[in-house]
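To start, the structure itself, in structure tokens.
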Amino acid sequence: MRGLSFWQEVMNERVIFYVDGLNLYNGLKRANLRKYYWLNLRDLAEKLCLPNQKLVGIKYFTSMVSTKFDEGKFQRQSSYLKALRTLPDVRIFLGRHQKGITLCNRCGKIFKSFNEKMTDINIAVEMFKDAYQKKCDTQILISGDSDLVPVCKAIMELFDIKLVIFFPPHRRTDRLSEYCHFSAKIFTNYFKKSQFPERIIDSDGNEITRPRYWK
């Protein structure tokens with residue numbers, strides 16, 4: 001007969017979420033779900049957890065949009081990161097944007113572009129570190145980036161830990177789904193029911209407002 005300690009462990013399966021910010025944003029954008037950008041990651045994570053799981057942390061990975069690229073996007077992203085920082089369980093990991101050029105296949109013109117760097121590495125390092133330090137029993141990755149296959153494969157091979165992948169809209173990839181214990185897409189209703197209030201007050205009494213463009 002199983003003891004009480006076993007059932008307590010089963011009912012308190014520790015979960016950490018790893019959120020690929022740009023991949024999630026691009027998925028919502030492609031699905032025309034701009035009105036759901038004001039996303040409360042803690043509410044979303046709690047909805048994705050099973051009844052026996054205990055949420056112990058959310059790690060959000062992104063890079064700041066350059067003001068040289070788009071001042072409006074920079075301001076909107078800044079507001080969102082401020083909103084996320086009001087959540088006690090959320091940690092933000094910032095990479096960087098590297099300036100580059102893009103060639104238009106249609107017209108042949110060359111445009112300036114900014115490519116996100118370090119996000120994949122940051123996700124991989126945190127997943128591997130948490131698994132090695134036994135900080136969770138289950139890791140849940142929100143991304144559809146196939147560049148994360150190597151770390152998912154390593155986690156599966158080296159650690160006694162469950163790995164779950166939730167795909168943002170239009171971001172599912174078969175390669176990534178091969179290296180986890182379970183994968184599924186996130187339905188629109190989860191985003192709809194996981195929104196921040198229109199206005200948030202942080203610990204310093206500052207007001208954070210949902211960007212008008214996202215309404």
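To be explicit about the labels: the chains of the structure tokens are called A, B, and onward in the order shown, and within each one the residues are counted from 1, while ligands get numbers from 1 in the order they are shown.
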
Residue list (strand (DSSP E), DSSP) for stretch 51-84 of chain A, as a PyMOL selection string: chain A and resi 53-62

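Candidate residues A:Leu28, A:Phe187, A:Gly57, A:Thr86 were compared for distance to A:Trp214, and the nearest is A:Leu28, using only C-alpha atoms.
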
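The gap separating atom CA of A:Lys29 from atom CA of A:Met64 is 17.2 Å, in Å to one decimal.
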
Atomic distance atom CA of A:Lys135 - atom CA of A:Val149, expressed in Å with one decimal: 21.3 Å

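Among the candidate residues A:Lys82, A:Lys35, A:Arg14, A:Lys73, the one lying nearest to A:Ile201 is A:Lys82, with distances computed using only C-alpha atoms.
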
Shortest interatomic distance to A:Tyr80 - which of A:Lys134, A:Lys192, A:Arg199, A:Lys59, counting only C-alpha atoms: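 Nearest candidate to A:Tyr80 out of A:Lys134, A:Lys192, A:Arg199, A:Lys59: A:Arg199.
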
Who sits within 9 Å of A:Leu148, only C-alpha atoms, same chain under 2 positions skipped, as a PyMOL selection string: chain A and resi 120-121+123-124+143-146+150-153+176

Counting only C-alpha atoms, the residue of A:Glu13, A:Glu126, A:Asp204, A:Asp137 that sits nearest A:Ile161: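 Distance minimum relative to A:Ile161 lands on A:Asp137.
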